[in-house]
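Have a look at protein-v1.cif; it's mmCIF, C-alpha atoms:
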```cif
data_run
#
loop_
_atom_site.label_atom_id
_atom_site.label_comp_id
_atom_site.auth_asym_id
_atom_site.auth_seq_id
_atom_site.Cartn_x
_atom_site.Cartn_y
_atom_site.Cartn_z
CA MET U 1 -14.56 -15.75 -43.43
CA ILE U 2 -13.18 -18.81 -41.65
CA LYS U 3 -15.14 -19.32 -38.49
CA SER U 4 -13.71 -20.86 -35.32
CA LYS U 5 -14.99 -24.32 -34.44
CA ARG U 6 -14.01 -24.13 -30.80
CA HIS U 7 -16.81 -23.34 -28.32
CA LEU U 8 -16.53 -20.17 -26.25
CA THR U 9 -14.64 -20.53 -22.99
CA GLN U 10 -16.21 -19.44 -19.72
CA GLU U 11 -13.88 -16.45 -19.69
CA GLU U 12 -14.96 -15.45 -23.19
CA LEU U 13 -18.61 -15.83 -22.25
CA GLU U 14 -18.12 -13.77 -19.13
CA SER U 15 -16.24 -11.15 -21.09
CA LEU U 16 -18.92 -10.96 -23.78
CA SER U 17 -21.69 -10.71 -21.23
CA HIS U 18 -20.05 -7.78 -19.46
CA THR U 19 -21.14 -4.50 -20.96
CA SER U 20 -17.83 -2.75 -20.43
CA GLU U 21 -15.64 -5.40 -22.05
CA LYS U 22 -14.35 -5.27 -25.63
CA PRO U 23 -16.04 -7.69 -28.04
CA LEU U 24 -14.21 -10.81 -29.18
CA GLY U 25 -12.61 -11.18 -32.57
CA ARG U 26 -14.75 -11.60 -35.69
CA ARG U 27 -13.95 -15.31 -36.02
CA ARG U 28 -15.10 -16.04 -32.49
CA MET U 29 -18.26 -13.99 -32.96
CA ALA U 30 -18.98 -15.81 -36.22
CA HIS U 31 -18.84 -19.05 -34.24
CA VAL U 32 -21.41 -17.73 -31.75
CA ASP U 33 -23.74 -16.84 -34.63
CA THR U 34 -23.77 -20.40 -35.93
CA CYS U 35 -23.35 -22.46 -32.73
CA ALA U 36 -26.62 -22.96 -30.87
CA GLN U 37 -24.87 -24.15 -27.72
CA CYS U 38 -22.63 -21.08 -27.46
CA SER U 39 -25.48 -18.80 -28.43
CA ASP U 40 -27.68 -20.17 -25.60
CA GLU U 41 -24.82 -19.96 -23.14
CA LEU U 42 -24.13 -16.37 -24.08
CA ARG U 43 -27.80 -15.42 -23.74
CA ALA U 44 -27.94 -16.94 -20.25
CA HIS U 45 -24.71 -15.19 -19.27
CA ARG U 46 -25.99 -11.86 -20.55
CA LEU U 47 -29.26 -12.25 -18.66
CA LEU U 48 -27.37 -12.96 -15.46
CA SER U 49 -25.00 -10.02 -15.98
CA ARG U 50 -27.86 -7.64 -16.70
CA SER U 51 -29.69 -8.78 -13.57
CA LEU U 52 -26.57 -8.27 -11.46
CA GLU U 53 -25.75 -4.91 -12.97
CA GLY U 54 -29.35 -3.81 -12.45
CA LEU U 55 -29.30 -4.42 -8.72
CA ALA U 56 -29.94 -1.23 -6.80
CA GLY U 57 -27.36 0.08 -4.40
CA PHE U 58 -28.13 0.60 -0.73
CA GLU U 59 -27.83 3.96 0.98
CA PRO U 60 -26.50 4.39 4.49
CA ALA U 61 -28.59 6.42 6.93
CA ARG U 62 -28.62 10.20 6.83
CA GLY U 63 -25.78 11.77 8.72
CA PHE U 64 -23.37 9.03 7.70
CA THR U 65 -20.90 11.52 6.22
CA ASP U 66 -20.98 13.68 9.35
CA GLN U 67 -20.36 10.66 11.55
CA VAL U 68 -17.37 9.66 9.45
CA MET U 69 -15.96 13.18 9.34
CA ALA U 70 -16.25 13.49 13.13
CA ARG U 71 -13.80 10.59 13.45
CA VAL U 72 -11.44 11.42 10.61
CA ARG U 73 -8.07 12.89 11.60
CA LEU U 74 -6.46 14.54 8.61
CA PRO U 75 -3.00 16.11 8.73
CA ALA U 76 -2.95 19.75 9.89
CA PRO U 77 -3.58 22.15 7.01
CA ALA U 78 -0.39 23.41 5.40
CA PRO U 79 0.42 27.08 6.11
CA ALA U 80 -0.57 29.49 3.38
CA PRO U 81 2.34 30.23 1.05
CA VAL U 82 4.08 33.52 1.85
CA PRO U 83 3.99 35.89 -1.12
CA VAL U 84 7.41 36.75 -2.53
CA ARG U 85 6.95 40.45 -1.76
CA THR U 86 6.09 39.76 1.88
CA ARG U 87 9.09 37.51 2.18
CA ALA U 88 11.36 40.20 0.71
CA ILE U 89 10.05 42.73 3.25
CA GLN U 90 10.57 40.25 6.07
CA THR U 91 14.11 39.54 4.92
CA LEU U 92 14.90 43.25 4.59
CA ARG U 93 13.47 43.88 8.05
CA ALA U 94 15.58 41.06 9.41
CA HIS U 95 18.74 42.49 7.85
CA TRP U 96 17.99 45.89 9.32
CA LEU U 97 17.50 44.26 12.71
CA VAL U 98 20.91 42.65 12.41
CA VAL U 99 22.65 45.88 11.44
CA SER U 100 20.93 48.15 13.93
CA GLY U 101 21.14 45.57 16.74
CA SER U 102 24.85 45.06 16.12
CA ALA U 103 25.50 48.82 15.96
CA ALA U 104 23.62 49.40 19.20
CA GLY U 105 25.47 46.54 20.88
CA VAL U 106 28.87 47.84 19.77
CA THR U 107 28.06 51.42 20.84
CA VAL U 108 26.83 50.47 24.28
CA THR U 109 29.70 48.05 24.89
CA ALA U 110 32.25 50.61 23.73
CA GLY U 111 30.64 53.26 25.91
CA VAL U 112 30.81 51.10 29.00
CA LEU U 113 34.35 50.01 28.32
CA LEU U 114 35.52 53.51 27.57
CA THR U 115 33.89 54.84 30.68
CA TRP U 116 35.68 52.24 32.68
CA ALA U 117 39.00 52.88 30.92
CA ALA U 118 38.72 56.61 31.43
CA ARG U 119 37.76 56.18 35.03
CA PHE U 120 40.82 54.05 35.75
CA PRO U 121 43.49 55.24 33.35
CA GLN U 122 46.33 53.79 35.45
CA ALA U 123 44.69 50.47 36.04
CA SER U 124 46.17 47.39 34.42
CA PRO U 125 43.04 45.39 33.58
CA SER U 126 43.36 41.73 33.04
CA GLY U 127 41.36 39.46 30.75
CA LEU U 128 39.51 40.14 27.56
CA VAL U 129 37.55 43.15 28.79
CA GLY U 130 40.68 44.96 29.77
CA PHE U 131 42.38 43.99 26.54
CA VAL U 132 39.51 45.26 24.38
CA ALA U 133 39.14 48.43 26.37
CA GLU U 134 42.84 49.20 26.49
CA ARG U 135 44.18 47.95 23.15
CA THR U 136 41.35 48.17 20.67
CA VAL U 137 38.32 50.25 21.47
CA ALA U 138 40.09 52.91 23.46
CA ARG U 139 42.58 53.58 20.64
CA LEU U 140 40.18 53.45 17.72
CA ALA U 141 37.31 55.45 19.16
CA GLY U 142 38.79 58.79 20.10
CA ALA U 143 35.49 60.49 19.89
CA ALA U 144 33.96 57.96 22.19
CA LEU U 145 36.82 58.54 24.62
CA ASN U 146 36.05 62.23 24.65
CA GLY U 147 32.49 61.39 25.42
CA ALA U 148 33.57 59.15 28.23
CA GLN U 149 35.78 61.87 29.63
CA TRP U 150 32.88 64.24 29.42
CA LEU U 151 30.79 61.80 31.35
CA TYR U 152 33.51 61.60 33.97
CA GLN U 153 33.77 65.37 34.20
CA SER U 154 30.03 65.89 34.29
CA GLY U 155 29.88 64.32 37.72
CA LEU U 156 28.18 61.04 36.77
CA ALA U 157 31.40 59.20 37.34
CA SER U 158 31.93 60.88 40.69
CA ALA U 159 29.07 58.74 41.84
CA PHE U 160 31.27 55.74 41.14
CA ASP U 161 33.90 57.19 43.44
CA GLN U 162 31.37 57.14 46.23
CA VAL U 163 30.52 53.52 45.69
CA GLY U 164 34.04 52.37 45.32
CA SER U 165 36.16 50.82 42.64
CA GLN U 166 35.19 47.22 43.50
CA VAL U 167 31.54 47.87 42.87
CA THR U 168 32.32 49.72 39.66
CA VAL U 169 34.34 46.85 38.29
CA GLY U 170 31.61 44.38 39.27
CA SER U 171 28.95 46.51 37.58
CA ALA U 172 30.99 46.76 34.42
CA VAL U 173 31.42 42.99 34.26
CA ALA U 174 27.73 42.42 34.90
CA GLY U 175 26.84 44.99 32.26
CA LEU U 176 29.11 43.31 29.75
CA ALA U 177 27.61 39.90 30.49
CA THR U 178 24.09 41.30 30.02
CA LEU U 179 25.04 42.90 26.75
CA THR U 180 26.62 39.67 25.52
CA LEU U 181 23.44 37.77 26.35
CA MET U 182 21.35 40.40 24.59
CA GLY U 183 23.59 40.16 21.55
CA VAL U 184 23.32 36.38 21.39
CA GLY U 185 19.55 36.59 21.86
CA SER U 186 19.06 39.18 19.14
CA LEU U 187 21.22 37.17 16.75
CA SER U 188 19.14 34.05 17.41
CA VAL U 189 15.89 35.96 16.83
CA THR U 190 17.31 37.49 13.68
CA ARG U 191 18.35 34.10 12.32
CA ARG U 192 14.81 32.77 12.88
CA LEU U 193 13.31 35.79 11.16
CA ILE U 194 15.51 35.17 8.15
CA SER U 195 15.06 31.41 7.96
CA GLU U 196 11.30 31.05 8.68
CA PRO U 197 9.86 32.68 5.54
CA ALA U 198 12.10 30.51 3.39
CA ALA U 199 10.96 27.37 5.20
CA GLN U 200 7.31 28.33 4.70
CA LEU U 201 7.84 28.77 0.98
CA THR U 202 9.52 25.39 0.72
CA HIS U 203 6.65 23.71 2.60
CA ALA U 204 3.99 25.31 0.41
CA ARG U 205 5.68 24.02 -2.69
CA MET M 206 -12.59 23.23 -10.89
CA THR M 207 -15.07 22.32 -8.13
CA LEU M 208 -14.51 19.44 -5.72
CA ALA M 209 -17.29 17.46 -7.40
CA GLU M 210 -15.40 17.71 -10.70
CA SER M 211 -12.05 16.75 -9.17
CA THR M 212 -10.59 13.29 -9.68
CA ASP M 213 -10.19 10.93 -6.74
CA GLN M 214 -6.43 11.45 -6.84
CA ASP M 215 -6.79 15.24 -6.70
CA LEU M 216 -9.10 14.91 -3.70
CA VAL M 217 -6.64 12.58 -1.98
CA ARG M 218 -3.88 15.16 -2.50
CA LEU M 219 -6.08 17.81 -0.90
CA CYS M 220 -6.89 15.48 1.99
CA ARG M 221 -3.19 14.99 2.60
CA ASN M 222 -2.94 18.76 3.03
CA GLY M 223 -5.71 18.63 5.62
CA ASP M 224 -8.64 19.64 3.41
CA GLN M 225 -11.77 18.42 5.21
CA ARG M 226 -14.05 19.33 2.30
CA ALA M 227 -12.12 17.02 -0.03
CA ALA M 228 -12.49 14.16 2.48
CA ARG M 229 -16.22 14.83 2.71
CA GLU M 230 -16.51 14.72 -1.08
CA LEU M 231 -14.75 11.34 -1.17
CA VAL M 232 -17.06 9.96 1.53
CA GLU M 233 -20.12 11.12 -0.39
CA ARG M 234 -18.72 9.72 -3.62
CA PHE M 235 -18.07 6.22 -2.26
CA GLN M 236 -20.47 5.75 0.65
CA ARG M 237 -23.13 4.05 -1.48
CA PRO M 238 -20.92 1.41 -3.18
CA VAL M 239 -18.97 0.68 0.00
CA PHE M 240 -22.11 0.43 2.10
CA SER M 241 -23.86 -1.70 -0.54
CA LEU M 242 -20.98 -4.16 -0.71
CA ILE M 243 -20.78 -4.49 3.06
CA TYR M 244 -24.55 -4.68 3.44
CA ARG M 245 -24.72 -7.52 0.92
CA MET M 246 -22.00 -9.28 2.89
CA VAL M 247 -23.35 -8.94 6.43
CA ARG M 248 -27.07 -8.24 5.92
CA ASP M 249 -27.36 -6.01 8.91
CA ARG M 250 -27.95 -2.31 8.32
CA GLU M 251 -26.59 -1.13 11.64
CA LEU M 252 -23.54 -3.33 11.43
CA SER M 253 -22.98 -2.34 7.80
CA GLU M 254 -23.00 1.31 8.76
CA ASP M 255 -20.50 0.68 11.55
CA LEU M 256 -18.21 -1.28 9.25
CA SER M 257 -18.53 1.27 6.43
CA GLN M 258 -17.79 4.09 8.82
CA GLU M 259 -14.77 2.26 10.17
CA ALA M 260 -13.55 1.60 6.62
CA PHE M 261 -13.67 5.30 5.74
CA VAL M 262 -12.06 6.37 9.00
CA ARG M 263 -9.20 3.89 8.58
CA THR M 264 -8.75 4.95 4.99
CA PHE M 265 -8.42 8.63 5.83
CA ASN M 266 -6.44 8.17 9.03
CA ASN M 267 -3.87 6.11 7.10
CA LEU M 268 -3.62 8.26 4.00
CA ASP M 269 0.14 8.47 4.47
CA ARG M 270 0.31 4.74 3.66
CA TYR M 271 -1.71 5.04 0.44
CA ASP M 272 0.26 4.50 -2.76
CA PRO M 273 -1.14 6.93 -5.37
CA SER M 274 -0.10 4.62 -8.21
CA TYR M 275 -3.17 2.51 -7.28
CA LYS M 276 -6.77 3.61 -7.57
CA PHE M 277 -8.09 5.20 -4.40
CA SER M 278 -11.35 3.26 -4.70
CA SER M 279 -9.43 -0.05 -4.83
CA TRP M 280 -7.65 0.86 -1.62
CA LEU M 281 -10.89 1.89 0.05
CA PHE M 282 -12.66 -1.32 -1.07
CA LYS M 283 -9.71 -3.38 0.12
CA ILE M 284 -9.96 -1.88 3.61
CA ALA M 285 -13.75 -2.32 3.61
CA TYR M 286 -13.43 -5.92 2.39
CA ASN M 287 -10.78 -6.83 4.98
CA LEU M 288 -12.83 -5.33 7.79
CA THR M 289 -15.95 -7.18 6.69
CA VAL M 290 -14.18 -10.50 6.23
CA ASP M 291 -12.54 -10.15 9.64
CA HIS M 292 -15.93 -9.51 11.15
CA LEU M 293 -17.57 -12.42 9.32
CA ARG M 294 -14.81 -14.78 10.35
CA LYS M 295 -15.14 -13.76 13.95
CA LYS M 296 -18.89 -14.18 13.86
CA GLU M 297 -18.82 -17.11 11.43
CA LEU M 298 -21.65 -15.57 9.42
CA ARG M 299 -20.81 -17.39 6.24
CA THR M 300 -24.15 -17.67 4.54
CA VAL M 301 -27.12 -15.46 5.10
CA SER M 302 -30.51 -15.21 3.52
CA ILE M 303 -32.51 -12.31 2.21
CA HIS M 304 -35.01 -13.23 4.90
CA GLY M 305 -32.42 -12.62 7.59
CA SER M 306 -29.31 -14.09 9.07
CA PRO M 307 -29.59 -17.74 10.13
CA ASP M 308 -27.83 -16.68 13.33
CA ALA M 309 -30.64 -14.32 14.25
CA THR M 310 -31.94 -15.40 17.61
CA SER M 311 -35.07 -13.26 17.77
CA SER M 312 -37.68 -11.91 15.38
CA ASP M 313 -36.24 -8.42 15.82
CA ARG M 314 -32.81 -9.68 14.84
CA GLN M 315 -34.33 -11.60 11.92
CA GLU M 316 -35.90 -8.38 10.71
CA ALA M 317 -32.71 -6.41 11.22
CA THR M 318 -30.74 -8.83 9.08
CA SER M 319 -33.28 -9.15 6.29
CA PHE M 320 -33.19 -7.05 3.13
CA ASP M 321 -35.02 -3.78 3.16
CA LEU M 322 -36.95 -4.18 -0.10
CA GLU M 323 -39.87 -1.93 -0.94
CA SER M 324 -43.44 -3.01 -0.31
CA HIS M 325 -45.10 -4.55 -3.36
CA GLU M 326 -48.42 -2.87 -2.70
CA ASP M 327 -49.68 -0.37 -5.25
CA LEU M 328 -46.83 -1.07 -7.67
CA PRO M 329 -47.26 -1.92 -11.36
CA ASP M 330 -46.96 -5.63 -12.22
CA MET M 331 -43.71 -5.15 -14.16
CA LEU M 332 -42.10 -3.40 -11.25
CA VAL M 333 -43.32 -6.04 -8.84
CA GLU M 334 -41.84 -8.67 -11.13
CA SER M 335 -38.61 -6.74 -11.27
CA LEU M 336 -38.52 -6.40 -7.49
CA GLU M 337 -39.21 -10.10 -7.10
CA LEU M 338 -36.39 -10.89 -9.51
CA ALA M 339 -34.11 -8.52 -7.58
CA GLY M 340 -35.18 -10.17 -4.36
CA GLU M 341 -34.45 -13.64 -5.71
CA MET M 342 -31.13 -12.43 -7.04
CA GLU M 343 -30.19 -10.91 -3.67
CA ASP M 344 -31.17 -14.15 -2.00
CA ALA M 345 -29.08 -16.18 -4.43
CA ILE M 346 -26.09 -13.88 -3.87
CA ALA M 347 -26.55 -14.22 -0.13
CA GLU M 348 -26.25 -17.99 -0.46
CA LEU M 349 -22.86 -17.77 -2.17
CA ARG M 350 -19.63 -18.38 -0.36
CA GLU M 351 -18.18 -15.17 1.04
CA GLU M 352 -15.27 -15.09 -1.47
CA TYR M 353 -17.51 -15.79 -4.47
CA ARG M 354 -19.99 -13.20 -3.29
CA THR M 355 -17.37 -10.47 -2.98
CA ALA M 356 -15.83 -11.29 -6.35
CA ILE M 357 -19.13 -11.32 -8.24
CA LEU M 358 -20.38 -8.15 -6.53
CA LEU M 359 -17.18 -6.27 -7.27
CA ARG M 360 -17.20 -7.48 -10.84
CA HIS M 361 -20.83 -7.07 -11.85
CA VAL M 362 -22.38 -4.67 -9.36
CA GLU M 363 -19.42 -2.33 -8.88
CA GLY M 364 -18.00 -2.87 -12.37
CA ARG M 365 -14.42 -3.49 -11.20
CA ALA M 366 -11.80 -5.03 -13.49
CA TYR M 367 -10.27 -8.43 -12.68
CA GLU M 368 -6.97 -6.78 -11.76
CA GLU M 369 -8.66 -4.46 -9.28
CA ILE M 370 -10.57 -7.32 -7.69
CA SER M 371 -7.29 -9.17 -7.39
CA GLU M 372 -5.80 -6.17 -5.53
CA ILE M 373 -8.84 -5.65 -3.32
CA MET M 374 -9.15 -9.30 -2.29
CA ASP M 375 -5.40 -9.84 -2.32
CA ILE M 376 -5.64 -13.01 -4.37
CA PRO M 377 -4.10 -14.01 -7.74
CA LEU M 378 -5.82 -12.99 -10.94
CA GLY M 379 -6.53 -16.62 -11.85
CA THR M 380 -8.30 -17.14 -8.52
CA VAL M 381 -10.49 -14.10 -9.19
CA LYS M 382 -11.57 -15.59 -12.51
CA THR M 383 -12.26 -18.93 -10.87
CA TYR M 384 -14.34 -17.31 -8.12
CA ILE M 385 -16.38 -15.34 -10.63
CA PHE M 386 -16.90 -18.38 -12.83
CA ARG M 387 -18.08 -20.46 -9.87
CA ALA M 388 -20.26 -17.67 -8.53
CA ARG M 389 -21.94 -17.27 -11.91
CA ARG M 390 -22.48 -21.01 -12.18
CA GLU M 391 -24.07 -21.14 -8.72
CA LEU M 392 -26.23 -18.12 -9.44
CA ARG M 393 -27.44 -19.70 -12.66
CA LEU M 394 -28.28 -22.85 -10.77
CA SER M 395 -30.20 -20.88 -8.16
CA LEU M 396 -31.99 -18.68 -10.66
CA GLY M 397 -32.42 -21.24 -13.41
CA HIS M 398 -36.21 -21.21 -13.10
CA LEU M 399 -36.25 -17.46 -13.88
CA SER M 400 -34.51 -17.86 -17.21
CA GLY M 401 -36.40 -21.00 -18.11
CA GLU M 402 -33.24 -23.08 -17.84
CA ASP M 403 -33.08 -26.47 -16.29
CA GLU M 404 -30.71 -26.90 -13.43
CA GLU M 405 -27.45 -28.52 -14.41
#
```
So that I can check it, write out the structure of this file as structure tokens.
Amino acid sequence: MIKSKRHLTQEELESLSHTSEKPLGRRRMAHVDTCAQCSDELRAHRLLSRSLEGLAGFEPARGFTDQVMARVRLPAPAPAPVPVRTRAIQTLRAHWLVVSGSAAGVTVTAGVLLTWAARFPQASPSGLVGFVAERTVARLAGAALNGAQWLYQSGLASAFDQVGSQVTVGSAVAGLATLTLMGVGSLSVTRRLISEPAAQLTHAR
Amino acid sequence: MTLAESTDQDLVRLCRNGDQRAARELVERFQRPVFSLIYRMVRDRELSEDLSQEAFVRTFNNLDRYDPSYKFSSWLFKIAYNLTVDHLRKKELRTVSIHGSPDATSSDRQEATSFDLESHEDLPDMLVESLELAGEMEDAIAELREEYRTAILLRHVEGRAYEEISEIMDIPLGTVKTYIFRARRELRLSLGHLSGEDEE
């Protein structure tokens, strides 16, 4: 084997003296075996490295971890992932809420409008309420009209006569506004119910 | 897999999801090397604990800034190193002795800044010799320049690679090698009598 004549560099010596480093090539090691200067240098380097590596570590006082943890502010824990089955139930429930809420809203609105239309058959209502009552709902819901007429005949509507037509119209408008608000509110709640489980699943992923 | 078996990166991921137990595991895993490094830099147990604590708190409270492509320990050591260097520069505690900081103004302070080595009483001769060697070594390290001291401690006591030391100290790789070479040369000069070498 041809051995290297060049002495080891400081980097090579440092590398050789460090236990975790890979050894040098065979030619360089052959040089160390025959060169007294490099051999002495390497021995001194190894002694120093061993002494340094053998130094004991220092321990902080007891309770150090607790003190650190008392000051650490980690992000809020992520919500637990919603199981697929639970999400399906929530979605189904939300759909039912939409359907039943809408049906209830339509029924009540139609009832009020029909009552009003039946009570004032000769009236020429203006605006959207009048239009819906007169042109759409009143014509399509014959059964509801019968119900409204029954209400009128049963004496409930006679109470309106006592109060006066102005008050009746005002009540109908107020009732419609309330129903509209309820409809908007229930739609908003329904949308949240549908969207939240999906968002939770996305976050958990 | 238990937390103790988890890798640093797995624990960091858990910490980012708010897992306190994972953070605790990381503190317990690194408190000794971080504290040892800082203690060898400032030589004051109380101060070292404050700085170590601050290093961990900053590390965890800024986890969103941590780049997982780097080793967590390198990031932690970098924060610890920067904190310690900032402190040393403010206080101008550049060289300290195993027997206490030269800035100590009272005997209490001298004691507080000296190394807490075991008593030599009732110990076998070999162990006493070993402790004396360790004491001389600690003293020699304490005499090194702050940059040399950090580089040699990270390299030989903590077993960090050159590249990691370069990241931690935020200096070029060549400078790391130079610091380590100079630190070793100075240590050999200081400890020459122990290895039977003559001083250069």
Original post:
Counting all atoms listed in the file, which residues of chain U come no farther than 12 Å from chain M, as a PyMOL selection string?
Top reply: chain U and resi 9-15+17-21+40-41+43-80+203-205
Subject >> Reference answer for the PyMOL selection byres ((chain M and resi 276-292) around 6), as a ChimeraX atom specification >> reply: /M:260,275,293-295,373
Please write as a PDB file with C-alpha atoms, keeping the file's coordinate frame the list of polymer residues whose atoms come within 12 Å of (20.5, 40.1, 21.9), counting all atoms listed in the file and keeping to the coordinates of the file.
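Listing of result32.pdb after writing:
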```pdb
ATOM      1  CA  LEU U  97      17.500  44.260  12.710  1.00  0.00           C
ATOM      2  CA  VAL U  98      20.910  42.650  12.410  1.00  0.00           C
ATOM      3  CA  SER U 100      20.930  48.150  13.930  1.00  0.00           C
ATOM      4  CA  GLY U 101      21.140  45.570  16.740  1.00  0.00           C
ATOM      5  CA  SER U 102      24.850  45.060  16.120  1.00  0.00           C
ATOM      6  CA  ALA U 103      25.500  48.820  15.960  1.00  0.00           C
ATOM      7  CA  ALA U 104      23.620  49.400  19.200  1.00  0.00           C
ATOM      8  CA  GLY U 105      25.470  46.540  20.880  1.00  0.00           C
ATOM      9  CA  VAL U 106      28.870  47.840  19.770  1.00  0.00           C
ATOM     10  CA  ALA U 177      27.610  39.900  30.490  1.00  0.00           C
ATOM     11  CA  THR U 178      24.090  41.300  30.020  1.00  0.00           C
ATOM     12  CA  LEU U 179      25.040  42.900  26.750  1.00  0.00           C
ATOM     13  CA  THR U 180      26.620  39.670  25.520  1.00  0.00           C
ATOM     14  CA  LEU U 181      23.440  37.770  26.350  1.00  0.00           C
ATOM     15  CA  MET U 182      21.350  40.400  24.590  1.00  0.00           C
ATOM     16  CA  GLY U 183      23.590  40.160  21.550  1.00  0.00           C
ATOM     17  CA  VAL U 184      23.320  36.380  21.390  1.00  0.00           C
ATOM     18  CA  GLY U 185      19.550  36.590  21.860  1.00  0.00           C
ATOM     19  CA  SER U 186      19.060  39.180  19.140  1.00  0.00           C
ATOM     20  CA  LEU U 187      21.220  37.170  16.750  1.00  0.00           C
ATOM     21  CA  SER U 188      19.140  34.050  17.410  1.00  0.00           C
ATOM     22  CA  VAL U 189      15.890  35.960  16.830  1.00  0.00           C
ATOM     23  CA  THR U 190      17.310  37.490  13.680  1.00  0.00           C
ATOM     24  CA  ARG U 191      18.350  34.100  12.320  1.00  0.00           C
TER      25      ARG U 191
END
```
Original post:
Just how far from CA of Lys5 in chain U is CA of His31 in chain U, in Å to one decimal?
Top reply: 6.5 Å
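Remark: for Ala345 in chain M, the closest of the candidate residues M:Leu208, M:Tyr367, M:Tyr384, M:Glu391 is M:Glu391 (distances computed over only C-alpha atoms).
Interatomic distance, CA of Glu369 in chain M to CA of Val381 in chain M: 9.8 Å.
CA of Leu8 in chain U to CA of Cys38 in chain U spans 6.3 Å [interatomic distance, one decimal].
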